[in-house]
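**Student:** Hey, dropping start-v3.cif in here, mmCIF, C-alpha atoms:
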data_structure
loop_
_atom_site.label_atom_id
_atom_site.label_comp_id
_atom_site.auth_asym_id
_atom_site.auth_seq_id
_atom_site.Cartn_x
_atom_site.Cartn_y
_atom_site.Cartn_z
CA MET A 10 56.65 -37.46 37.12
CA LYS A 11 59.72 -36.18 38.93
CA LYS A 12 58.72 -32.59 38.17
CA GLY A 13 55.25 -33.20 39.57
CA LEU A 14 56.69 -34.75 42.72
CA VAL A 15 59.15 -31.89 43.22
CA GLY A 16 56.35 -29.36 42.65
CA LEU A 17 54.15 -31.20 45.13
CA LEU A 18 56.97 -31.26 47.69
CA ILE A 19 57.52 -27.53 47.22
CA ILE A 20 53.79 -26.85 47.68
CA VAL A 21 53.67 -29.08 50.78
CA GLY A 22 56.80 -27.34 52.11
CA VAL A 23 55.33 -23.87 51.56
CA VAL A 24 52.03 -24.94 53.18
CA ALA A 25 53.93 -26.46 56.11
CA VAL A 26 56.02 -23.31 56.59
CA CYS A 27 52.90 -21.14 56.35
CA GLY A 28 51.11 -23.44 58.81
CA LEU A 29 54.02 -23.23 61.25
CA MET A 30 54.10 -19.46 60.90
CA LEU A 31 50.33 -19.30 61.44
CA ALA A 32 50.59 -21.55 64.51
CA GLY A 33 53.49 -19.52 65.88
CA THR A 34 51.63 -16.25 65.37
CA TYR A 35 48.46 -17.67 66.93
CA ASN A 36 50.39 -18.98 69.94
CA ARG A 37 52.13 -15.64 70.38
CA LEU A 38 48.79 -13.81 70.38
CA VAL A 39 47.36 -16.29 72.89
CA THR A 40 50.39 -15.76 75.11
CA LEU A 41 50.05 -11.98 74.91
CA GLY A 42 46.33 -12.20 75.71
CA GLU A 43 46.94 -14.46 78.70
CA THR A 44 49.68 -12.13 79.92
CA ILE A 45 47.16 -9.29 79.89
CA ASP A 46 44.67 -11.40 81.85
CA ALA A 47 47.34 -12.35 84.39
CA GLN A 48 48.42 -8.75 84.77
CA TRP A 49 44.83 -7.64 85.30
CA ALA A 50 44.60 -10.28 88.04
CA GLN A 51 47.59 -8.56 89.67
CA VAL A 52 45.77 -5.22 89.48
CA GLU A 53 42.75 -6.85 91.13
CA ASN A 54 45.06 -8.40 93.73
CA GLN A 55 46.33 -4.96 94.70
CA LEU A 56 42.79 -3.57 94.70
CA GLN A 57 41.79 -6.36 97.08
CA ARG A 58 44.85 -5.64 99.23
CA ARG A 59 43.76 -2.02 99.48
CA PHE A 60 40.18 -3.07 100.19
CA ASP A 61 41.30 -5.40 102.99
CA LEU A 62 44.14 -3.34 104.42
CA ILE A 63 42.95 0.21 104.63
CA PRO A 64 39.80 -0.26 106.77
CA ASN A 65 41.75 -2.49 109.18
CA LEU A 66 44.54 0.06 109.48
CA VAL A 67 42.08 2.88 109.99
CA GLU A 68 40.37 0.96 112.79
CA THR A 69 43.72 0.08 114.38
CA VAL A 70 44.84 3.69 114.32
CA ARG A 71 41.45 4.80 115.58
CA GLY A 72 41.81 2.38 118.50
CA TYR A 73 45.26 3.61 119.42
CA ALA A 74 44.29 7.22 118.95
CA ALA A 75 41.26 6.70 121.19
CA HIS A 76 43.43 5.13 123.91
CA GLU A 77 45.93 7.97 123.88
CA ARG A 78 43.31 10.60 123.26
CA GLU A 79 41.62 9.38 126.46
CA ALA A 80 44.77 10.19 128.46
CA ILE A 81 45.14 13.57 126.78
CA ASP A 82 41.44 14.34 127.14
CA SER A 83 41.52 13.44 130.85
CA VAL A 84 44.44 15.85 131.38
CA THR A 85 42.58 18.56 129.48
CA ALA A 86 39.34 17.95 131.39
CA ALA A 87 41.04 17.95 134.78
CA ARG A 88 42.94 21.10 133.92
CA ALA A 89 39.74 22.78 132.73
CA ARG A 90 38.04 21.89 136.02
CA LEU A 91 40.87 23.56 137.90
CA ALA A 92 41.00 26.58 135.61
CA GLY A 93 37.34 27.32 136.22
CA GLY A 94 38.07 28.21 139.85
CA GLY A 95 35.38 28.59 142.47
CA LEU A 96 35.99 25.09 143.81
CA ALA A 97 35.80 24.24 147.45
CA ALA A 98 38.97 22.84 149.00
CA GLU A 99 37.82 19.23 148.80
CA GLU A 100 36.69 19.66 145.20
CA ARG A 101 39.98 21.33 144.33
CA MET A 102 41.99 18.46 145.90
CA ALA A 103 39.91 15.95 144.01
CA ALA A 104 40.48 17.91 140.78
CA GLU A 105 44.25 18.15 141.48
CA ASN A 106 44.37 14.42 142.19
CA GLU A 107 42.47 13.81 139.00
CA LEU A 108 44.94 15.99 137.08
CA SER A 109 47.90 14.25 138.74
CA GLY A 110 46.52 10.84 137.86
CA ALA A 111 45.84 11.89 134.27
CA LEU A 112 49.32 13.39 133.96
CA SER A 113 50.84 10.23 135.40
CA ARG A 114 49.02 8.12 132.80
CA LEU A 115 50.14 10.50 130.08
CA LEU A 116 53.75 10.43 131.31
CA VAL A 117 53.71 6.63 131.39
CA ILE A 118 52.53 6.64 127.79
CA VAL A 119 55.19 9.16 126.81
CA GLU A 120 57.92 7.25 128.70
CA ASN A 121 56.93 3.94 127.18
CA TYR A 122 56.41 5.40 123.74
CA PRO A 123 58.65 8.42 123.21
CA ASN A 124 56.78 9.06 120.00
CA LEU A 125 53.18 8.54 120.93
CA LYS A 126 51.74 5.36 119.50
CA ALA A 127 49.08 7.30 117.69
CA ASP A 128 51.76 9.26 115.89
CA ALA A 129 53.59 6.08 114.88
CA ASN A 130 50.36 4.44 113.76
CA PHE A 131 49.33 7.44 111.76
CA ARG A 132 52.71 7.37 110.05
CA MET A 133 52.34 3.62 109.50
CA LEU A 134 48.89 4.18 108.03
CA MET A 135 50.22 6.82 105.68
CA ASP A 136 53.14 4.56 104.68
CA GLN A 137 50.77 1.67 104.02
CA LEU A 138 48.41 3.89 102.05
CA GLU A 139 51.28 5.23 99.98
CA GLY A 140 52.78 1.77 99.48
CA THR A 141 49.46 0.28 98.44
CA GLU A 142 48.75 3.08 95.99
CA ASN A 143 52.28 2.80 94.57
CA ARG A 144 51.89 -0.97 94.09
CA LEU A 145 48.55 -0.42 92.44
CA ALA A 146 49.96 2.25 90.13
CA GLN A 147 52.85 -0.06 89.20
CA GLU A 148 50.52 -2.97 88.41
CA ARG A 149 48.28 -0.67 86.33
CA ARG A 150 51.31 0.56 84.42
CA ARG A 151 52.42 -3.02 83.74
CA PHE A 152 48.91 -3.91 82.62
CA ASN A 153 48.91 -1.01 80.14
CA GLU A 154 52.35 -2.05 78.86
CA HIS A 155 51.06 -5.57 78.16
CA VAL A 156 47.93 -4.20 76.50
CA GLN A 157 50.11 -1.98 74.35
CA ALA A 158 52.32 -4.90 73.26
CA TYR A 159 49.25 -7.00 72.43
CA ASN A 160 47.46 -4.20 70.55
CA ILE A 161 50.58 -3.46 68.53
CA ALA A 162 50.99 -7.16 67.72
CA ILE A 163 47.42 -7.61 66.44
CA LYS A 164 47.73 -4.54 64.22
CA ARG A 165 51.06 -5.39 62.60
CA PHE A 166 51.39 -6.94 59.19
CA PRO A 167 51.01 -9.92 58.64
CA THR A 168 49.78 -10.73 62.17
CA VAL A 169 46.71 -8.60 61.57
CA PHE A 170 45.33 -11.34 59.27
CA VAL A 171 45.79 -14.07 61.88
CA ALA A 172 44.28 -11.82 64.55
CA ARG A 173 41.22 -11.14 62.42
CA LEU A 174 40.93 -14.78 61.37
CA PHE A 175 40.86 -16.02 64.97
CA GLY A 176 38.97 -13.10 66.52
CA PHE A 177 41.72 -11.45 68.54
CA LEU A 178 40.25 -8.05 69.37
CA GLU A 179 41.93 -4.90 70.60
CA ARG A 180 42.09 -4.64 74.40
CA ALA A 181 41.28 -1.51 76.39
CA TYR A 182 43.88 0.29 78.44
CA PHE A 183 43.33 0.99 82.10
CA ARG A 184 42.05 4.53 82.36
CA ALA A 185 41.55 6.42 85.59
CA PRO A 186 37.95 7.47 86.26
CA GLU A 187 36.87 11.03 85.62
CA ASP A 188 36.92 11.85 89.33
CA ALA A 189 40.47 10.54 89.81
CA GLU A 190 41.73 14.10 90.02
CA THR A 191 39.78 14.55 93.26
CA VAL A 192 41.94 13.84 96.28
CA PRO A 193 40.50 10.95 98.35
CA LYS A 194 39.68 11.65 101.99
CA VAL A 195 40.71 9.45 104.88
CA GLN A 196 38.55 10.10 107.92
CA PHE A 197 38.96 8.88 111.47
#
Would you encode the structure as structure tokens?

**Tutor:**
Amino acid sequence: MKKGLVGLLIIVGVVAVCGLMLAGTYNRLVTLGETIDAQWAQVENQLQRRFDLIPNLVETVRGYAAHEREAIDSVTAARARLAGGGLAAEERMAAENELSGALSRLLVIVENYPNLKADANFRMLMDQLEGTENRLAQERRRFNEHVQAYNIAIKRFPTVFVARLFGFLERAYFRAPEDAETVPKVQF
């Protein structure tokens, strides 16, 4: 009877150890899968940031550029009127006054903003575009690293049996679209 009890205890012990190993492996695979899902959410977060940020920045820069372009365009237009010649004295004075006023507005802009606002905003836009794309690339890289760790785990022995038993399937890596080699255009 003692031998039967010892044998039963050994069998129960082996089953318990195997059960604990199975549970540990299952929990590890669940954790890896959830990590992939969380990392993909970060990729989507950065995609949303880009979606929200870029059009707003483009419109902001367009607004500033339009404001400063107006001053530059008025100087150019007034100068062109004067360059054409053939103006009567009163017309010429009006054109000179127009040029003086346009130059004054331009000088005020230049004095207040040694580097024209449009220039600073364009640089800011480029910095934001670069920063957003870098964040997105980093999150994609992290996503692929987590997918790699998960895919390796479900293919390794003996985890492969637990993965198959509970339906853990291989996950796809993030891959850039075919047209990713084409440089995107930013238009104002």

**Student:** If the PyMOL selection byres ((chain A and resi 152) around 8) were run on this exact file, what residues would it hold? Put them as a list in words.

**Tutor:**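 Checked against the file, the PyMOL selection byres ((chain A and resi 152) around 8) matches Ile45, Gln48, Trp49, Val52, Glu148, Arg149, Arg150, Arg151, Asn153, Glu154, His155, Val156, Tyr182 and Phe183 of chain A.
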
**Student:** Show which residues sit within 9 Å of region 136-145 of chain A, as number ranges by chain. Count only C-alpha atoms, and ignore same-chain residues fewer than 2 positions away.

**Tutor:** A: 51-56, 58-59, 62-63, 66, 131-134, 147-150

**Student:** Excluding Val84 (chain A) and any residue of its chain fewer than 6 positions from it, enumerate the residues within 9 Å of it, using only C-alpha atoms, and give them as an NGL selection string.

**Tutor:** :A and (107-112 or 115)

**Student:** As lines of an AutoDock Vina configuration file, please report the centre and edge lengths, rounded to one decimal in Å, of the axis-aligned box that holds all listed atoms of region 26-39 of chain A with 6 Å of padding on each of the six sides.

**Tutor:**
center_x = 51.7
center_y = -18.6
center_z = 64.6
size_x = 20.7
size_y = 21.6
size_z = 28.5

**Student:** From the list A:Phe166, A:Asn160, A:Asn130, A:Leu41, which residue is nearest Gly72 (chain A) when using all atoms listed in the file?

**Tutor:**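 Smallest separation from Gly72 (chain A) among the options: A:Asn130.
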
**Student:** Determine, counting all atoms listed in the file, which protein, DNA and RNA residues have an atom within 12 Å of an atom of Ala92 (chain A); residues of the same chain fewer than 3 positions away are not included. Present the result as a ChimeraX atom specification.

**Tutor:** /A:85-89,95-96,101,104-105,108

**Student:** Interatomic distance between CA of Leu91 (chain A) and CA of Ser113 (chain A)?

**Tutor:** 16.8 Å

**Student:** Measuring between only C-alpha atoms, which one of A:Lys164, A:Ala172, A:Phe177, A:Arg114 shows the shortest distance to Ile81 (chain A)?

**Tutor:** A:Arg114

**Student:** Tell me, in Å to one decimal, how far CA of Phe170 (chain A) is from CA of Val39 (chain A).

**Tutor:**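 One can read the CA of Phe170 (chain A) to CA of Val39 (chain A) distance as 14.6 Å.
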
**Student:** For CA of Ala162 (chain A) and CA of Ala50 (chain A), determine how far apart the two atoms are, in Å to one decimal place.

**Tutor:**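 Computing the Euclidean distance for CA of Ala162 (chain A) and CA of Ala50 (chain A) yields 21.5 Å.
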
**Student:** Report as a PyMOL selection string the residues that result from applying the PyMOL selection byres ((chain A and resi 15-32) around 12) to the structure here.

**Tutor:** chain A and resi 10-14+33-39+167-172+174-175

**Student:** Could you dump the residues just selected with C-alpha atoms as an mmCIF file, in the frame of the given file?

**Tutor:**
data_model
loop_
_atom_site.group_PDB
_atom_site.id
_atom_site.type_symbol
_atom_site.label_atom_id
_atom_site.label_comp_id
_atom_site.auth_asym_id
_atom_site.auth_seq_id
_atom_site.Cartn_x
_atom_site.Cartn_y
_atom_site.Cartn_z
ATOM 1 C CA MET A 10 56.650 -37.460 37.120
ATOM 2 C CA LYS A 11 59.720 -36.180 38.930
ATOM 3 C CA LYS A 12 58.720 -32.590 38.170
ATOM 4 C CA GLY A 13 55.250 -33.200 39.570
ATOM 5 C CA LEU A 14 56.690 -34.750 42.720
ATOM 6 C CA GLY A 33 53.490 -19.520 65.880
ATOM 7 C CA THR A 34 51.630 -16.250 65.370
ATOM 8 C CA TYR A 35 48.460 -17.670 66.930
ATOM 9 C CA ASN A 36 50.390 -18.980 69.940
ATOM 10 C CA ARG A 37 52.130 -15.640 70.380
ATOM 11 C CA LEU A 38 48.790 -13.810 70.380
ATOM 12 C CA VAL A 39 47.360 -16.290 72.890
ATOM 13 C CA PRO A 167 51.010 -9.920 58.640
ATOM 14 C CA THR A 168 49.780 -10.730 62.170
ATOM 15 C CA VAL A 169 46.710 -8.600 61.570
ATOM 16 C CA PHE A 170 45.330 -11.340 59.270
ATOM 17 C CA VAL A 171 45.790 -14.070 61.880
ATOM 18 C CA ALA A 172 44.280 -11.820 64.550
ATOM 19 C CA LEU A 174 40.930 -14.780 61.370
ATOM 20 C CA PHE A 175 40.860 -16.020 64.970
#
